[in-house]
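Structure file my_file-v4.cif with mmCIF, C-alpha atoms:
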data_work
loop_
_atom_site.label_atom_id
_atom_site.label_comp_id
_atom_site.auth_asym_id
_atom_site.auth_seq_id
_atom_site.Cartn_x
_atom_site.Cartn_y
_atom_site.Cartn_z
CA ARG T 276 104.58 83.39 50.17
CA GLY T 277 106.79 86.24 49.06
CA TYR T 278 106.66 87.95 52.44
CA SER T 279 109.39 87.59 55.04
CA LYS T 280 108.83 85.53 58.18
CA GLY T 281 108.49 88.75 60.17
CA MET T 282 105.83 90.12 57.84
CA ARG T 283 103.92 86.83 58.00
CA GLN T 284 104.02 87.04 61.82
CA ARG T 285 102.56 90.54 61.71
CA ILE T 286 99.85 89.52 59.24
CA GLY T 287 98.98 86.53 61.43
CA LEU T 288 98.55 88.77 64.47
CA ALA T 289 96.43 91.21 62.47
CA GLN T 290 94.20 88.34 61.33
CA ALA T 291 93.87 87.09 64.91
CA LEU T 292 92.81 90.56 66.08
CA LEU T 293 90.15 91.14 63.38
CA GLY T 294 87.30 89.72 65.47
CA ASP T 295 88.43 91.57 68.65
CA PRO T 296 88.75 88.32 70.65
CA ASP T 297 89.04 88.26 74.44
CA LEU T 298 91.51 85.36 74.21
CA LEU T 299 94.46 85.12 71.83
CA ILE T 300 96.38 81.86 71.51
CA LEU T 301 99.80 82.57 70.03
CA ASP T 302 102.52 80.12 69.05
CA GLU T 303 106.01 81.64 68.94
CA PRO T 304 104.78 85.18 68.16
CA THR T 305 108.27 86.73 67.99
CA THR T 306 110.04 84.01 66.01
CA GLY T 307 111.68 85.28 62.85
CA LEU T 308 111.47 88.93 63.85
CA ASP T 309 114.42 91.31 63.92
CA PRO T 310 115.10 93.10 67.24
CA LEU T 311 113.01 96.17 66.36
CA ALA T 312 110.08 94.06 65.18
CA ARG T 313 110.35 91.91 68.35
CA LYS T 314 110.04 95.03 70.48
CA GLU T 315 107.11 96.22 68.40
CA MET T 316 105.39 92.83 68.77
CA ARG T 317 106.07 92.81 72.55
CA ASP T 318 104.63 96.30 72.86
CA ILE T 319 101.49 95.28 70.95
CA LEU T 320 101.04 92.15 73.07
CA ALA T 321 101.64 94.07 76.32
CA SER T 322 99.08 96.66 75.19
CA LEU T 323 96.54 93.90 74.51
CA ARG T 324 97.29 92.40 77.94
CA ASP T 325 96.82 95.81 79.57
CA GLU T 326 93.47 96.20 77.77
CA GLY T 327 92.27 93.06 79.55
CA LYS T 328 92.81 90.56 76.73
CA SER T 329 93.99 87.11 77.75
CA LEU T 330 97.07 85.92 75.87
CA LEU T 331 98.09 82.27 75.86
CA ILE T 332 101.62 82.23 74.47
CA SER T 333 103.57 79.10 73.67
CA SER T 334 107.21 79.95 73.09
CA HIS T 335 110.78 78.79 73.43
CA GLU T 336 111.85 82.45 73.63
CA LEU T 337 111.54 82.62 77.41
CA ASN T 338 113.06 86.07 77.74
CA GLU T 339 110.31 87.36 75.42
CA VAL T 340 107.64 85.59 77.48
CA GLU T 341 109.07 87.11 80.66
CA LEU T 342 108.84 90.61 79.16
CA ILE T 343 105.22 90.17 78.01
CA SER T 344 103.58 88.07 80.70
CA ASN T 345 102.29 88.83 84.13
CA ARG T 346 101.38 85.18 84.83
CA ILE T 347 103.17 82.09 83.60
CA ALA T 348 102.70 78.34 83.66
CA ILE T 349 105.27 75.69 82.86
CA LEU T 350 103.99 72.49 81.32
CA TYR T 351 106.27 69.49 81.08
CA ARG T 352 105.21 66.23 79.49
CA GLY T 353 101.60 67.40 79.56
CA LYS T 354 101.59 68.17 83.29
CA LEU T 355 101.39 71.56 84.93
CA GLN T 356 104.58 71.95 86.95
CA VAL T 357 104.30 75.53 88.24
CA GLU T 358 102.06 78.53 87.69
CA GLY T 359 101.78 81.98 89.16
CA THR T 360 102.71 85.57 88.69
CA ILE T 361 106.16 86.54 87.51
CA ASP T 362 106.89 88.07 90.92
CA GLU T 363 105.75 84.92 92.77
CA LEU T 364 107.83 82.56 90.66
CA LEU T 365 110.93 84.59 89.83
CA THR T 366 112.30 85.22 93.27
CA ALA T 367 115.64 86.68 94.27
CA ARG T 368 118.00 83.74 93.96
CA ASP T 369 121.30 85.24 94.96
CA LEU T 370 123.20 88.41 95.54
CA THR T 371 125.63 90.07 93.12
CA VAL T 372 128.52 92.15 94.34
CA GLU T 373 130.65 94.04 91.83
CA VAL T 374 134.24 94.52 93.00
CA GLU T 375 137.65 95.51 91.62
CA ASN T 376 140.05 92.83 90.41
CA VAL T 377 140.17 89.75 92.61
CA PRO T 378 143.59 88.12 93.04
CA THR T 379 143.57 84.35 92.43
CA PRO T 380 144.15 83.34 96.09
CA ILE T 381 141.22 85.51 97.20
CA ALA T 382 139.04 84.18 94.36
CA GLU T 383 139.75 80.63 95.56
CA LYS T 384 138.89 81.64 99.13
CA LEU T 385 135.60 83.18 97.92
CA ARG T 386 134.71 80.05 95.90
CA ALA T 387 135.36 77.94 99.01
CA ALA T 388 132.76 80.13 100.77
CA GLY T 389 130.23 79.36 98.00
CA VAL T 390 130.71 82.57 96.01
CA GLN T 391 130.90 82.34 92.22
CA THR T 392 133.14 84.77 90.34
CA GLU T 393 132.58 86.18 86.87
CA ASP T 394 135.07 88.52 85.18
CA LYS T 395 133.63 91.72 83.75
CA MET T 396 135.16 94.45 81.65
CA LYS T 397 137.57 97.09 82.94
CA GLY T 398 139.04 94.97 85.72
CA ARG T 399 135.81 94.42 87.59
CA VAL T 400 134.51 91.11 88.86
CA LEU T 401 130.93 90.10 89.62
CA LEU T 402 130.56 87.92 92.68
CA ARG T 403 127.44 85.80 93.06
CA ALA T 404 126.80 85.00 96.67
CA PRO T 405 124.35 82.19 97.46
CA ALA T 406 120.87 83.19 98.65
CA SER T 407 121.74 81.77 102.06
CA MET T 408 124.43 84.45 102.52
CA SER T 409 123.17 87.75 103.88
CA ILE T 410 124.13 91.00 102.22
CA TYR T 411 126.09 91.92 105.34
CA ASN T 412 128.09 88.68 105.33
CA ALA T 413 128.87 89.10 101.61
CA MET T 414 130.08 92.67 102.17
CA ASP T 415 132.10 91.64 105.24
CA LEU T 416 133.72 88.83 103.22
CA CYS T 417 134.72 91.33 100.53
CA ARG T 418 135.99 93.93 102.99
CA SER T 419 137.96 91.40 105.05
CA ASN T 420 139.74 90.37 101.85
CA GLY T 421 140.54 93.97 100.92
CA LEU T 422 138.18 94.15 97.93
CA LEU T 423 136.80 97.49 96.78
CA ILE T 424 132.99 97.15 96.43
CA HIS T 425 131.31 99.05 93.59
CA SER T 426 127.75 97.75 93.88
CA VAL T 427 125.59 95.22 95.67
CA ALA T 428 122.24 94.04 94.30
CA PRO T 429 119.88 91.08 94.58
CA ARG T 430 119.68 89.03 91.38
CA ARG T 431 116.30 87.70 90.36
CA GLU T 432 116.07 84.32 88.70
CA THR T 433 115.25 84.45 85.00
CA LEU T 434 112.34 82.57 83.46
CA GLU T 435 114.84 80.38 81.64
CA GLU T 436 116.53 79.46 84.93
CA LEU T 437 113.13 78.68 86.48
CA PHE T 438 112.22 76.53 83.48
CA VAL T 439 115.49 74.57 83.59
CA ARG T 440 115.18 74.06 87.36
CA THR T 441 111.51 73.03 87.11
CA VAL T 442 112.09 70.55 84.29
CA GLY T 443 115.15 69.20 86.09
CA ASP T 444 113.11 68.66 89.26
CA ALA T 445 110.32 66.97 87.27
CA THR T 446 112.81 64.71 85.49
CA ALA T 447 114.45 63.77 88.80
CA ALA T 448 111.02 63.01 90.31
CA GLU T 449 110.14 60.81 87.31
CA ALA T 450 113.44 58.95 87.62
CA ALA T 451 112.88 58.41 91.36
CA ALA T 452 109.33 57.15 90.72
CA ALA T 453 110.63 54.77 88.05
CA ARG T 454 113.29 53.41 90.45
CA SER T 455 110.65 52.92 93.16
CA ALA T 456 108.35 51.11 90.71
CA LYS T 457 111.12 48.65 89.81
CA LYS T 458 111.64 47.65 93.45
#
Entire entry expressed as structure tokens:
Amino acid sequence: RGYSKGMRQRIGLAQALLGDPDLLILDEPTTGLDPLARKEMRDILASLRDEGKSLLISSHELNEVELISNRIAILYRGKLQVEGTIDELLTARDLTVEVENVPTPIAEKLRAAGVQTEDKMKGRVLLRAPASMSIYNAMDLCRSNGLLIHSVAPRRETLEELFVRTVGDATAAEAAAARSAKK
């Protein structure tokens, strides 16, 4: 009882590993750990995964899950919503273009074209072009508005974004089914 939460997490993992199991079921394995201990725990879990151990991790720390896992499943209200590899599920969602300062009239013009703007440090702005816009169209839009382009890169959806989208879709489907049932 005198140990910190982080030390109790480590002891719990050590206990789970004593019998050299093929399957580990872990609930929030990085909760209560400082950043260095989180990395250490992730490294241990990734090593176990690479050795062929199966890890079933339940966690609200989705960025940690994304760093450890090679396959994920999202359960919502007891139903499997999606499952697959990280690469299958976390697809490129949009395109980011880093440019120099964007004057307000040009920013409004970009937003009208479906581009989101996000200020960065040192006078740079990140533009998020929708997935439907090709890299060439995004670059042409920037050039035609006199913007200096520093970088262009696809942006992959995060596990948190996938989770929010999946749960939102499931909730909308439940609401639609409930409306249909009332009719």
Cut-off 12 Å: closest stretch 292-408 of chain T/stretch 443-449 of chain T atom pairs per residue, using all atoms listed in the file, as CSV:
residue,atom,partner,partner_atom,distance
T:Ile349,CA,T:Ala445,CA,11.0
T:Leu350,CA,T:Ala445,CA,10.3
T:Tyr351,CA,T:Ala445,CA,7.8
T:Arg352,CA,T:Ala445,CA,9.3
T:Gly353,CA,T:Ala445,CA,11.6
T:Lys354,CA,T:Ala445,CA,9.7
T:Leu355,CA,T:Ala445,CA,10.3
T:Gln356,CA,T:Ala445,CA,7.6
T:Val357,CA,T:Ala445,CA,10.5
* Explicit residues for the PyMOL selection byres ((chain T and resi 422) around 8) (as JSON, numbers by chain) -> {"T": [374, 375, 376, 377, 417, 418, 419, 420, 421, 423, 424]}
* Asked: atom CA of T:Val372 and atom CA of T:Val427, how far apart in Å?
  -> 4.4 Å
* Identify which of the residues T:Glu393, T:Asp325, T:Glu336, T:Glu341 lies closest to T:Thr371, counting all atoms listed in the file when measuring atom-to-atom distances. => T:Glu393
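If you look at atom CA of T:Glu432 and atom CA of T:Val390, they are 16.5 Å away from each other.
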* **Evaluate the PyMOL selection byres ((chain T and resi 298-310) around 10) and report residues as an NGL selection string** => :T and (279-285 or 287-288 or 291-292 or 295-297 or 311-317 or 320 or 323-324 or 327-336 or 339-340)
Listed atoms of stretch 398-408 of chain T, axis-aligned box, 5 Å per side: centre and edge lengths to one decimal in Å, as lines of an AutoDock Vina configuration file?
center_x = 130.0
center_y = 88.4
center_z = 94.1
size_x = 28.2
size_y = 23.2
size_z = 26.8
